[in-house]
12 protein chains.
Amino acid sequence: MAAPTKRVLVLNGPNLNLLGTREPDVYGSTTLGDIEKALKDLAKGLGASVECRQSNQEGELIDWLHDARDSFDGVVINPGGLTHTSVSLRDGIAATGLPTVEVHISNTQARESFRHESVTAAVCIGSVIGFGKNSYALGLRALIDYLNATG
Amino acid sequence: MAAPTKRVLVLNGPNLNLLGTREPDVYGSTTLGDIEKALKDLAKGLGASVECRQSNQEGELIDWLHDARDSFDGVVINPGGLTHTSVSLRDGIAATGLPTVEVHISNTQARESFRHESVTAAVCIGSVIGFGKNSYALGLRALIDYLNATG
Amino acid sequence: MAAPTKRVLVLNGPNLNLLGTREPDVYGSTTLGDIEKALKDLAKGLGASVECRQSNQEGELIDWLHDARDSFDGVVINPGGLTHTSVSLRDGIAATGLPTVEVHISNTQARESFRHESVTAAVCIGSVIGFGKNSYALGLRALIDYLNATG
Amino acid sequence: MAAPTKRVLVLNGPNLNLLGTREPDVYGSTTLGDIEKALKDLAKGLGASVECRQSNQEGELIDWLHDARDSFDGVVINPGGLTHTSVSLRDGIAATGLPTVEVHISNTQARESFRHESVTAAVCIGSVIGFGKNSYALGLRALIDYLNATG
Amino acid sequence: MAAPTKRVLVLNGPNLNLLGTREPDVYGSTTLGDIEKALKDLAKGLGASVECRQSNQEGELIDWLHDARDSFDGVVINPGGLTHTSVSLRDGIAATGLPTVEVHISNTQARESFRHESVTAAVCIGSVIGFGKNSYALGLRALIDYLNATG
Amino acid sequence: MAAPTKRVLVLNGPNLNLLGTREPDVYGSTTLGDIEKALKDLAKGLGASVECRQSNQEGELIDWLHDARDSFDGVVINPGGLTHTSVSLRDGIAATGLPTVEVHISNTQARESFRHESVTAAVCIGSVIGFGKNSYALGLRALIDYLNATG
Amino acid sequence: MAAPTKRVLVLNGPNLNLLGTREPDVYGSTTLGDIEKALKDLAKGLGASVECRQSNQEGELIDWLHDARDSFDGVVINPGGLTHTSVSLRDGIAATGLPTVEVHISNTQARESFRHESVTAAVCIGSVIGFGKNSYALGLRALIDYLNATG
Amino acid sequence: MAAPTKRVLVLNGPNLNLLGTREPDVYGSTTLGDIEKALKDLAKGLGASVECRQSNQEGELIDWLHDARDSFDGVVINPGGLTHTSVSLRDGIAATGLPTVEVHISNTQARESFRHESVTAAVCIGSVIGFGKNSYALGLRALIDYLNATG
Amino acid sequence: MAAPTKRVLVLNGPNLNLLGTREPDVYGSTTLGDIEKALKDLAKGLGASVECRQSNQEGELIDWLHDARDSFDGVVINPGGLTHTSVSLRDGIAATGLPTVEVHISNTQARESFRHESVTAAVCIGSVIGFGKNSYALGLRALIDYLNATG
Amino acid sequence: MAAPTKRVLVLNGPNLNLLGTREPDVYGSTTLGDIEKALKDLAKGLGASVECRQSNQEGELIDWLHDARDSFDGVVINPGGLTHTSVSLRDGIAATGLPTVEVHISNTQARESFRHESVTAAVCIGSVIGFGKNSYALGLRALIDYLNATG
Amino acid sequence: MAAPTKRVLVLNGPNLNLLGTREPDVYGSTTLGDIEKALKDLAKGLGASVECRQSNQEGELIDWLHDARDSFDGVVINPGGLTHTSVSLRDGIAATGLPTVEVHISNTQARESFRHESVTAAVCIGSVIGFGKNSYALGLRALIDYLNATG
Amino acid sequence: MAAPTKRVLVLNGPNLNLLGTREPDVYGSTTLGDIEKALKDLAKGLGASVECRQSNQEGELIDWLHDARDSFDGVVINPGGLTHTSVSLRDGIAATGLPTVEVHISNTQARESFRHESVTAAVCIGSVIGFGKNSYALGLRALIDYLNATG
């Protein structure tokens with residue numbers, strides 16, 4: 001059965017544009033561009049397409065989520081530092097009605113500094129945490145599997 | 001005594017542009033446009049005028065509050081998800097020196113999920129919570145009564 | 001469509017009988033009698049009638065709520081100091097099944113002294129907070145609008 | 001060995017007079033009158049007598065506890081909403097010196113809303129929680145067994 | 001200078017009517033009647049008069065406080081179990097405008113069980129804690145000294 | 001109506017095998033064997049049968065709960081020290097789908113040492129706490145009444 | 001470069017043997033056997049082999065982890081209810097020195113009941129949460145990618 | 001019965017040497033010397049003698065308490081800022097075995113800034129709080145009454 | 001030794017554009033323009049240059065921090081209300097790798113209202129708090145001293 | 001006086017079987033076998049004998065404690081990860097009535113990660129913490145000294 | 001305008017006498033003597049004089065603060081470990097009425113171990129934190145600027 | 001190999017000079033002098049020497065720790081009441097760089113009254129808690145073993 005191509009929006013939040021240039025021992029040297037390119041290739045193999053955007057603006061991410069309702073089938077999001085604080089982003093994800101997967105590069109649950117509680121994860125279908133750049137690939141795969149299963 | 005027309009700025013924060021399209025069982029099917037139109041009609045009957053703006057950007061809401069100091073007599077605000085988190089918005093309201101009324105569509109005090117504490121309410125003259133779209137009308141009325149009484 | 005007259009019970013809790021005689025700089029010099037008279041006038045204009053009672057006894061307030069089920073269409077309540085502590089009053093409001101609006105004269109959310117959390121608000125349809133004696137008028141209006149809307 | 005008839009005071013706190021008329025899906029449709037009648041029958045079978053009282057007044061419950069010292073051998077109490085808040089009722093139970101059993105109709109330990117901690121349970125000999133109207137019967141039985149065992 | 005006789009209202013809250021009959025190892029065997037009699041004698045020696053009342057009803061205590069405004073110069077109060085919970089009693093004390101002294105028989109600060117924080121003490125001029133029945137005498141003396149000093 | 005014999009599994013958790021030999025002033029001198037024998041007699045009188053097991057192993061208790069689904073109509077459990085800590089046991093009780101009654105010998109709510117919160121009680125139909133060995137008998141009766149009423 | 005076959009131990013903790021038979025609306029109707037079979041197939045496609053074990057015993061899971069050090073290259077674990085409580089299991093995972101991936105079937109971060117904090121996640125390389133049975137497949141893939149990347 | 005003269009040690013902790021020179025609107029203009037002189041006069045009238053010492057050194061206060069065991073019958077202490085923090089001073093008071101009364105000039109229970117919990121009060125027989133310099137006189141009187149009653 | 005001119009970026013967060021116009025008794029009447037001009041003069045005297053920017057947008061501040069990596073040697077920042085809430089700004093500061101000094105005009109540690117904890121201070125080299133407009137000058141001086149010392 | 005040989009049971013909890021093979025920089029390279037052998041030698045010199053057991057099963061440790069009542073005079077226990085969580089083990093230690101010494105290899109009080117509070121220490125006679133393998137020797141010595149002193 | 005020479009007292013609390021000899025990687029190798037000498041030079045250039053004292057005794061620091069009222073115009077203080085605990089020192093600073101600046105060598109806000117909350121900072125005019133020995137120089141400069149500005 | 005004699009400083013904090021005279025049922029009747037004498041004898045047998053000091057002054061203990069750096073090889077300390085509060089003493093121990101063992105006479109972990117958390121233990125090599133006077137002997141032995149092992 002040839003499912004229609006799934007359109008996925010990949011969103012990255014504050015400071016993730018610096019990936020590969022910042023604390024490489026923690027986050028690796030792969031840039032966000034590298035990740036986005038790999039996701040596009042992976043998507044193609046899975047019968048899907050991805051569009052990738054990054055913003056340091058909470059509000060711009062929310063705007064994109066709102067607009068996504070007509071153009072995308074699902075969202076993969078790494079909210080960066082907004083993970084721990086943004087009720088507005090959480091509301092924005094819930095408001096889209098689109099299945100959303102939260103991904104994190106590092107194992108946020110192993111850092112003592114912040115309450116590693118994610119305020120956004122509760123409105124996502126699931127999370128992939130700690131596998132470096134591979135978290136994005138696994139998250140995309142999880143989303144597409146979900147879309148195919150429910151679709 | 002014929003009081004001069006009161007000019008009121010009505011601000012809506014993140015995700016409220018989706019009103020009427022999102023979780024209608026919780027928020028009703030009235031759109032933000034419907035609410036804004038009704039507020040304009042109500043204002044006219046109360047010898048006032050309203051201008052309505054919505055943004056998903058915390059900073060843009062603060063900018064508008066700053067600019068409001070010269071052009072408006074008071075503010076009605078529904079800060080959306082920023083209610084629970086934005087010290088900056090709170091400072092912005094305090095900085096205007098304009099009497100401000102906080103309104104909420106649903107009964108935030110009945111939801112267990114978040115600390116329903118509003119960080120912005122403390123710098124408002126008062127709050128109207130839980131009456132659906134009517135919260136806006138009641139808030140506008142409360143503000144104009146206040147302006148007439150102190151004005 | 002001529003809706004039948006809405007009968008509203010207005011309840012005031014402990015110490016509110018002293019309104020206008022106590023800390024006038026915080027609560028104004030309007031007495032509870034003044035407020036109740038104004039509410040009756042307002043009710044008339046809104047096609048409603050109000051009956052006003054005050055007690056310093058938690059249990060008497062609960063008794064009145066129980067009795068209200070047959071004689072009233074809704075309740076406006078200022079629980080005074082019971083707001084922060086009385087699970088029994090909360091249960092009493094819930095038990096009536098009548099739509100109830102909670103009102104507060106001063107902005108309880110701006111006072112640091114107590115947890116401004118209201119244990120009763122969660123079982124009310126909504127709250128009006130901080131507008132002095134006008135909180136009662138706005139609360140009455142909110143209730144009647146609600147009764148008219150829900151029929 | 002024919003033990004003398006045990007006299008038991010059954011007390012019900014705020015809002016329990018509405019049992020059977022309020023949220024029947026949670027509390028069932030049995031009224032307090034039904035429960036009290038069944039308790040009297042059960043008591044008779046156990047060689048005991050019960051007297052049942054209900055009040056929405058914390059102070060009246062305390063008065064009854066004080067008076068019970070001369071006329072009763074033990075107490076079964078459902079403090080209703082006072083369970084979670086009343087240090088005075090707790091002191092009143094302790095002051096009687098009478099063995100007291102606390103009962104609750106619903107499983108308070110399954111509700112997330114309040115700290116289900118009972119401030120009164122610590123001064124009772126034990127608690128029976130969650131068995132609907134049967135909690136009263138079990139509580140009465142527990143008390144009478146206790147009275148028979150301790151003499 | 002012959003100061004006019006100071007009139008003092010002595011209030012006792014829930015369960016204090018049982019003094020001398022309850023846990024005598026903690027509270028001694030002196031009854032409330034004994035204490036009240038001794039206070040009257042002491043008052044006479046200090047050029048004052050006292051009237052003593054006790055209630056298990058929070059609301060009745062508040063009523064008495066309200067009425068005291070015209071007939072008394074100050075209040076000595078032992079709120080019993082309401083000390084830890086009653087915001088309404090606190091508001092009632094504050095509302096009288098009369099100088100009030102809080103007294104406790106036992107050293108509440110040595111009991112681990114409750115937060116020994118008194119919610120009423122903050123609106124009293126001071127507290128006397130832990131001296132058995134003598135707490136009342138010391139509290140009365142403290143109040144009369146205060147009344148004499150402030151004129 | 002002759003109801004079929006109810007089969008009840010009685011489970012005791014860690015250290016309860018030492019009942020009657022350990023801190024007899026707290027737990028009495030009745031052994032677990034005594035209790036189990038008395039339960040069997042009581043069950044017979046109630047038209048039921050009981051099977052009793054005890055383990056110090058959390059996992060063995062869970063295994064028994066799983067197996068009980070086919071062979072029993074309900075469970076009476078005293079989880080011992082697991083009451084306060086075992087999410088797994090809680091999940092195990094919930095997973096059986098069998099009505100379960102939690103019992104405790106001593107009044108856990110009167111001990112300050114631990115948070116007396118039971119993590120298992122929320123998935124039981126109710127609890128019987130504080131009546132010594134009689135807690136088991138009352139719990140069994142509660143369960144059988146429940147099974148008869150729903151069954 | 002033909003990497004040697006990766007040997008993966010798949011561990012399931014308490015109550016997961018009931019998967020597919022328990023609360024199917026939450027956990028689906030797929031049994032643990034179904035999942036384990038699918039994982040074996042998936043492993044084969046990824047040039048790996050899996051061995052699957054389940055226990056309701058914390059200690060048995062720890063024993064298996066200890067033994068895994070010689071026979072496996074990595075671990076996929078769903079600790080079930082032990083996730084929130086078992087410091088011993090956490091120590092056991094850390095002690096193996098084997099890369100471990102934690103998986104959860106449901107979105108634990110959306111449930112309010114428990115602190116959704118995992119005490120075990122901090123010693124895993126990452127987590128996959130909320131994708132139903134697919135969490136296992138994604139977790140296996142994540143582990144094998146990790147093993148391939150780190151050699 | 002002529003009781004022997006009671007010898008009382010009056011201790012003042014850190015910063016109390018500045019009384020009367022510091023924040024006179026809060027603490028009055030009476031100096032510590034004035035207070036100590038008045039206490040000596042009062043003591044004489046009560047058949048007692050007092051010795052007064054002040055130190056800003058926690059350790060010196062403890063030394064004095066130790067030495068007091070042979071030379072004094074009781075202690076009146078205002079621990080100043082050590083009230084809220086010094087477990088060592090608390091141990092020192094307990095170690096003397098002498099009855100000790102804690103006094104405070106201002107109503108510490110009305111200040112929000114610190115937890116007004118006193119760590120020392122628990123080992124005193126009682127406290128006198130909030131009556132300005134009169135707190136010392138009342139405290140001395142309380143102590144002597146106590147010594148006479150137990151002596 | 002003639003060190004090359006140090007280039008410093010001075011960032012001001014939300015609402016600081018209103019300095020001098022808002023609550024002058026708290027923040028003084030100096031405007032942000034005045035401060036920025038004085039900083040430029042001071043910088044010149046210290047062999048440095050400053051560029052000053054202000055935004056009410058969290059995201060714009062982060063963008064500027066990112067861009068600063070190539071053009072500046074260090075940052076002086078007053079995050080305003082974001083101090084207490086913005087994990088994203090914290091990450092942005094950390095990501096620049098530039099030494100950053102946090103400054104505050106008023107003594108945030110003397111205000112009870114908020115947790116005065118700064119989430120951003122931990123990634124700065126240090127903080128200067130409470131000296132009015134002089135906090136900026138001291139912060140600039142601290143930064144340049146640091147840059148000169150670390151070379 | 002020739003005291004009879006003291007029989008000591010040495011228990012080690014989860015993961016301690018891996019001692020010497022796991023994180024040697026934290027726990028050293030001495031194996032549990034080495035420690036047990038050294039303890040036997042030490043015991044002999046102190047006129048005592050030891051038997052050593054280790055289990056990863058909470059329940060097995062409890063079983064051994066129960067059985068120890070007849071065969072041993074005291075217990076030295078390192079509960080491993082159960083230290084922080086096992087109320088059942090705590091109850092098991094208390095139930096034996098045998099004097100028990102808790103030992104820890106590393107300084108648990110210097111690790112921030114967990115609440116270093118031991119739930120088991122409260123029922124032991126004392127603890128020895130942080131001296132590596134020597135903690136066992138010191139703990140054994142402490143126990144034997146205790147047994148000799150108490151007879 | 002030639003301002004009179006400002007006299008500044010520089011106080012260092014517990015353990016700061018070891019500066020330069022203790023954990024040099026955290027605190028640098030500059031000794032307290034070096035710092036004090038540099039402060040004297042800096043003071044001279046700013047038309048001020050400094051006197052420097054250090055004590056490990058809380059009480060001695062308080063004594064010096066008291067004496068400073070006549071001889072100094074302001075205080076620079078590094079309270080060391082007393083920062084987090086000493087209410088007495090806080091009271092001592094407040095009691096002097098002298099403007100005081102708190103300084104810290106390391107960035108206390110970046111250490112997780114303690115609540116970095118300073119109990120003394122609230123009564124200082126401001127704080128300088130994290131600039132190594134330069135914190136003292138900046139603090140001195142801040143104080144003298146303040147003294148010059150306030151006259 | 002004949003190790004040089006180890007010089008050990010034994011420090012006792014506030015109130016420990018009263019050992020043997022205070023609450024003998026808790027602390028025994030052995031005086032501090034007895035303990036110190038026994039420690040000297042024990043030291044001799046272990047090829048070490050001890051010097052013993054006690055102070056009620058936090059600062060004096062810190063002074064002694066500072067001076068110990070040149071004259072001692074290690075420290076055994078019982079900080080008494082400072083255990084729970086003194087960050088300064090903690091810093092003082094850390095600053096010496098000498099291995100330090102913390103000892104407590106009674107089982108602080110069994111007392112509910114205070115957070116038994118020791119703020120000083122984290123900077124010690126280990127702790128010995130609860131063995132009466134023997135805690136000192138065990139602590140000395142632990143220290144000397146440590147000194148011998150580390151050279």
# chains A, B, ... in the order shown; residues from 1 in each chain; ligands from 1

$ residues_around --residues "range 50-66 of chain B" --least-positions-apart "2" --cutoff "7 Å" --atoms "only C-alpha atoms" --output "list in words"
Glu58, Gly59, Ile62 and Asp63 of chain A; Arg7, Val8, Leu9, Val10, Leu11, Asn12, Gly13, Pro14, Asn15, Asn17, Glu36, Lys40, Ala43, Ala48, Ala68, Arg69, Leu89, Gly92, Ile93 and Thr96 of chain B; Asn56 and Gln57 of chain I

$ atom_distance --atom1 "CA of Lys6 in chain B" --atom2 "CA of Asp73 in chain B"
6.1 Å

$ residues_around --residues "Ile129 in chain G" --least-positions-apart "5" --cutoff "10 Å" --atoms "only C-alpha atoms" --output "PyMOL selection string"
(chain A and resi 101-102+121+125-129) or (chain G and resi 78+102-109+134-136+138-139)

$ select_by_dssp --residues "chain K" --states "strand (DSSP E or B)" --output "JSON, numbers by chain"
{"K": [6, 7, 8, 9, 10, 11, 12, 48, 49, 50, 51, 52, 53, 54, 74, 75, 76, 77, 78, 100, 101, 102, 103, 104, 126, 127, 128, 129]}

$ residues_around --residues "Leu19 in chain C" --least-positions-apart "2" --cutoff "8 Å" --atoms "only C-alpha atoms" --output "MDAnalysis selection string"
chainID C and resid 15:17 21:22 27:32

$ select_by_dssp --residues "range 39-95 of chain F" --states "alpha helix (DSSP H)" --output "PyMOL selection string"
chain F and resi 39-45+58-71+87-95

$ residues_around --residues "Tyr146 in chain I" --least-positions-apart "5" --cutoff "10 Å" --atoms "only C-alpha atoms" --output "list in words"
Gly74, Pro99, Thr100, Val101, Ile125, Leu140, Arg141 and Gly151 of chain I; Phe131, Gly132 and Asn134 of chain K

$ write_last_selection --atoms "C-alpha atoms" --output "short mmCIF file (atom, residue, chain, number, x, y, z; two decimals), in the first residue's frame"
data_model
loop_
_atom_site.label_atom_id
_atom_site.label_comp_id
_atom_site.auth_asym_id
_atom_site.auth_seq_id
_atom_site.Cartn_x
_atom_site.Cartn_y
_atom_site.Cartn_z
CA GLY I 74 33.37 40.42 26.03
CA PRO I 99 33.52 36.45 29.09
CA THR I 100 30.31 38.05 30.29
CA VAL I 101 29.51 40.23 33.30
CA ILE I 125 32.32 35.38 35.13
CA LEU I 140 32.53 47.36 32.35
CA ARG I 141 35.60 47.97 34.44
CA GLY I 151 45.19 38.62 27.79
CA PHE K 131 36.11 38.70 39.93
CA GLY K 132 38.82 37.17 42.10
CA ASN K 134 39.50 42.36 41.80
#
